[in-house]
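Trainee: Sharing a structure here in structure tokens format.
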Amino acid sequence: MEFTLKISLKLKAVALFATVTLPILSQAQFAKSEDAIKYRKAALTVMSTHFGRIGAVVKGAPYNKDAVASDANIVAMLSTLPWQGFGPGHEGGNALPEVWSNADKFKSNADKLQETTAALKVAANSGDLEAIKKAFGATGQACKGCHDDFRKK
Ligand code: ASC
């Protein structure tokens, strides 16, 4: 009887931890702004590397379908990541204060980038170089739009 009670209390403690503590931990993604800034810069840097490789092909380097598709898949996936590094209180780095003071516009820019990279991924997987060039241009515009308004010059 007592044994059963102990087990049941333990289970309750585990359930309480899972329902209360875990969500708090996952919300507090970054303990320090420095970590958030490092994270978002890293995601943007790697994204830029792979986007640049597609750019080289767009500008005339030999077209390899699998390589471009792989780069575009990486870009599309990475474009979902930087935003969690721009959470409340994580001002600084190359980000202008407008990221936080004009959060709706920043969010719509972030959405735009994810839409254009998703389209670039579709184009790259189709193997249609003309479509890739178009989608690359639209993605570049999305990068630039955000940099114009939200990144330090
Ligand atoms: C890149 C890169 C950017 C964008 C931007 C497009 O390759 O690093 O930040 O493209 O220059 O306008």
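Note on naming: chains are A, B, ... as they come in the structure tokens, residues start from 1 per chain, ligands start from 1 in the order shown.
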Within 10 Å of ligand 1, counting only C-alpha atoms and all ligand atoms, which protein or nucleic acid residues do you find, written as a PyMOL selection string?
Mentor: chain A and resi 44-56+136-148
Trainee: Give me the residues near A:Ser70 as a list in words, where near means some atom within 12 Å (using only C-alpha atoms) and where sequence neighbours in that chain fewer than 6 positions away do not count.
Mentor: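 Returned residues: His50, Phe51, Arg53, Ile54, Asn64, Ala76, Met77, Leu120, Lys121, Val122, Ala123, Ala124, Asn125 and Gly127 of chain A.
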Trainee: Neighbours of A:Gly93 within 9 Å (only C-alpha atoms; same-chain residues fewer than 4 positions away dropped), as a PyMOL selection string?
Mentor: chain A and resi 34+37-38+41+152
Trainee: Could the residues in this selection be saved with C-alpha atoms as a PDB file, in the first residue's frame?
Mentor:
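Listed below is the output, out-v8.pdb:
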```pdb
ATOM      1  CA  GLU A  34      25.655  36.682 -26.096  1.00  0.00           C
ATOM      2  CA  ILE A  37      23.608  36.579 -30.861  1.00  0.00           C
ATOM      3  CA  LYS A  38      26.171  33.835 -31.510  1.00  0.00           C
ATOM      4  CA  LYS A  41      24.912  34.850 -36.511  1.00  0.00           C
ATOM      5  CA  LYS A 152      23.568  47.883 -38.679  1.00  0.00           C
TER       6      LYS A 152
END
```
Trainee: Which residue gives the smallest distance to A:Val57 among A:Leu78, A:Ala69, A:Ala119, A:Leu113, with only C-alpha atoms counted?
Mentor: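 That would be A:Ala69, the residue with the smallest distance to A:Val57.
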Trainee: Pick out the closest residue to A:Leu81 from this set: A:Lys32, A:Asp111, A:Thr116, A:Glu130. Count only C-alpha atoms.
Mentor: A:Asp111
